Amino acid sequence: METVLEVRNLVKDFGGHRALSGVNFVLSRREFLGIIGPNGAGKTTLLNCLLGLITPTKGEIRFFGLELEKHQVYILSRINFASNYVGLPLSLTVFENLVVYGLLYGVSEIKARAERLLKLFGLWEMRNQKTRHLSSGQMMRLCLAKALMNDPEVLLLDEPTAGLDPEIAERVRKLIKAYQREKGLAVIFTSHNLHEMEELSDRVILLNKGQILAEGPPQELCRRFGAKNLEEAFFKALDLWEAENVEG
Ligand SMILES: Nc1ncnc2c1ncn2[C@@H]1O[C@H](COP(=O)(O)OP(=O)(O)OP(=O)(O)O)[C@@H](O)[C@H]1O
């Protein structure tokens, strides 16, 4: 499978604090990669490095074989990002929001693309409403539609279902997965919901204190840690790490 992202020995220090400590992984086209980890594990720091929002202290990030540092503008035109924590301009209408992003990304046939995405995400009827009037579930679907305006090959999602009620979260998950399968998109997804991670991910990375503790398909991780589900595997991996590091 073709590699779309390669992360090698990534280190990020904030002053004296090491938030990422030699992180290595690759992402393949069509792959859905979940990143799980307790608060402060380094998930957001990793995504911020991948987006070029912060500069790593050490290490290498390559998208499509190109170094992020040297080809940031080109790479950013082929990837995108959505998060439940990043707001959209509230005074624009739903449709205007997508048109503005389409213009920023230099998308061709902007209005047709915005229409297709709004219909796909069940927002077409609301296209003329001001964004400020959207519910949190509708807002997240608009964020996803916005992130797909440039037809990205890699999509980074930071806790896209956080704060959504279970029914809306399920709808968002289904939309993401269906779109990912249809387009062969590579996705990196962070969440604290380990059940959704198990359901969605082809492979999971367990991050703790800036290090990868374990990595593999959810079922393989369950087998490796003798766990009945990913949640149990996650806690067993953390316990093992704590025990080894206290003893060591
Ligand atoms: N700008 C910053 N300045 C100083 N320290 C930071 C900064 N950003 C993150 N950190 C620290 O780096 C570590 C990793 O933070 P990060 O936000 O990446 O974790 P996370 O896994 O996303 O956590 P959460 O699940 O709570 O969102 C934490 O100890 C955090 O306090």
# chains A, B, ... in the order shown; residues from 1 in each chain; ligands from 1

$ residues_near_ligand --ligand "ligand 1" --cutoff "6 Å" --atoms "only C-alpha atoms and all ligand atoms" --output "NGL selection string"
:A and (14 or 19 or 37-45)

$ closest_atom_pairs --of "region 134-178 of chain A" --to "region 2-5 of chain A" --cutoff "12 Å" --atoms "only C-alpha atoms" --output "Markdown table"
| residue | atom | partner | partner_atom | distance |
| --- | --- | --- | --- | --- |
| A:Pro152 | CA | A:Val4 | CA | 11.6 |
| A:Glu153 | CA | A:Val4 | CA | 8.3 |
| A:Val154 | CA | A:Val4 | CA | 7.6 |
| A:Leu155 | CA | A:Val4 | CA | 11.1 |
| A:Leu156 | CA | A:Leu5 | CA | 11.6 |

$ closest_atom_pairs --of "region 49-80 of chain A" --to "region 99-105 of chain A" --cutoff "12 Å" --atoms "only C-alpha atoms" --output "tab-separated table"
residue	atom	partner	partner_atom	distance
A:Val73	CA	A:Tyr105	CA	10.4
A:Tyr74	CA	A:Tyr105	CA	10.7
A:Ile75	CA	A:Tyr105	CA	11.9
A:Leu76	CA	A:Tyr105	CA	9.3
A:Ser77	CA	A:Tyr105	CA	6.8
A:Arg78	CA	A:Tyr105	CA	9.7
A:Ile79	CA	A:Tyr105	CA	10.8
A:Asn80	CA	A:Tyr105	CA	10.4

$ residues_around --residues "region 184-196 of chain A" --least-positions-apart "2" --cutoff "9 Å" --atoms "only C-alpha atoms" --output "VMD selection string"
chain A and resid 4 27 to 39 43 to 44 47 152 to 162 170 173 179 to 182 198 to 201 229 to 231 234

$ atom_distance --atom1 "CA of Arg62 (chain A)" --atom2 "CA of Leu213 (chain A)"
22.2 Å

$ select_by_dssp --residues "region 33-240 of chain A" --states "strand (DSSP E or B)" --output "ChimeraX atom specification"
/A:33-36,58-63,66-67,79-83,93,130,154-158,186-190,203-208,211-216

$ decode --residues "region 135-166 of chain A" --atoms "C-alpha atoms" --output "mmCIF file, in the first residue's frame"
data_model
loop_
_atom_site.group_PDB
_atom_site.id
_atom_site.type_symbol
_atom_site.label_atom_id
_atom_site.label_comp_id
_atom_site.auth_asym_id
_atom_site.auth_seq_id
_atom_site.Cartn_x
_atom_site.Cartn_y
_atom_site.Cartn_z
ATOM 1 C CA SER A 135 -26.291 23.091 16.630
ATOM 2 C CA SER A 136 -22.985 21.500 17.661
ATOM 3 C CA GLY A 137 -23.675 18.416 15.528
ATOM 4 C CA GLN A 138 -24.499 20.547 12.484
ATOM 5 C CA MET A 139 -21.396 22.664 13.135
ATOM 6 C CA MET A 140 -19.190 19.559 13.157
ATOM 7 C CA ARG A 141 -20.719 18.341 9.908
ATOM 8 C CA LEU A 142 -20.024 21.768 8.387
ATOM 9 C CA CYS A 143 -16.412 21.592 9.657
ATOM 10 C CA LEU A 144 -16.076 18.220 7.927
ATOM 11 C CA ALA A 145 -17.601 19.546 4.705
ATOM 12 C CA LYS A 146 -15.178 22.484 4.875
ATOM 13 C CA ALA A 147 -12.250 20.102 5.395
ATOM 14 C CA LEU A 148 -13.276 18.172 2.284
ATOM 15 C CA MET A 149 -13.635 21.225 0.012
ATOM 16 C CA ASN A 150 -10.112 20.746 -1.385
ATOM 17 C CA ASP A 151 -10.683 17.005 -1.923
ATOM 18 C CA PRO A 152 -7.837 16.098 0.468
ATOM 19 C CA GLU A 153 -5.907 12.838 0.268
ATOM 20 C CA VAL A 154 -5.135 12.909 3.990
ATOM 21 C CA LEU A 155 -7.608 14.116 6.598
ATOM 22 C CA LEU A 156 -6.579 14.891 10.183
ATOM 23 C CA LEU A 157 -9.431 14.827 12.677
ATOM 24 C CA ASP A 158 -8.935 16.022 16.247
ATOM 25 C CA GLU A 159 -11.716 14.631 18.444
ATOM 26 C CA PRO A 160 -14.440 15.237 15.843
ATOM 27 C CA THR A 161 -17.130 13.631 17.995
ATOM 28 C CA ALA A 162 -16.201 15.258 21.329
ATOM 29 C CA GLY A 163 -19.164 16.931 22.983
ATOM 30 C CA LEU A 164 -21.747 15.490 20.566
ATOM 31 C CA ASP A 165 -24.690 13.490 21.848
ATOM 32 C CA PRO A 166 -24.399 9.738 21.094
#
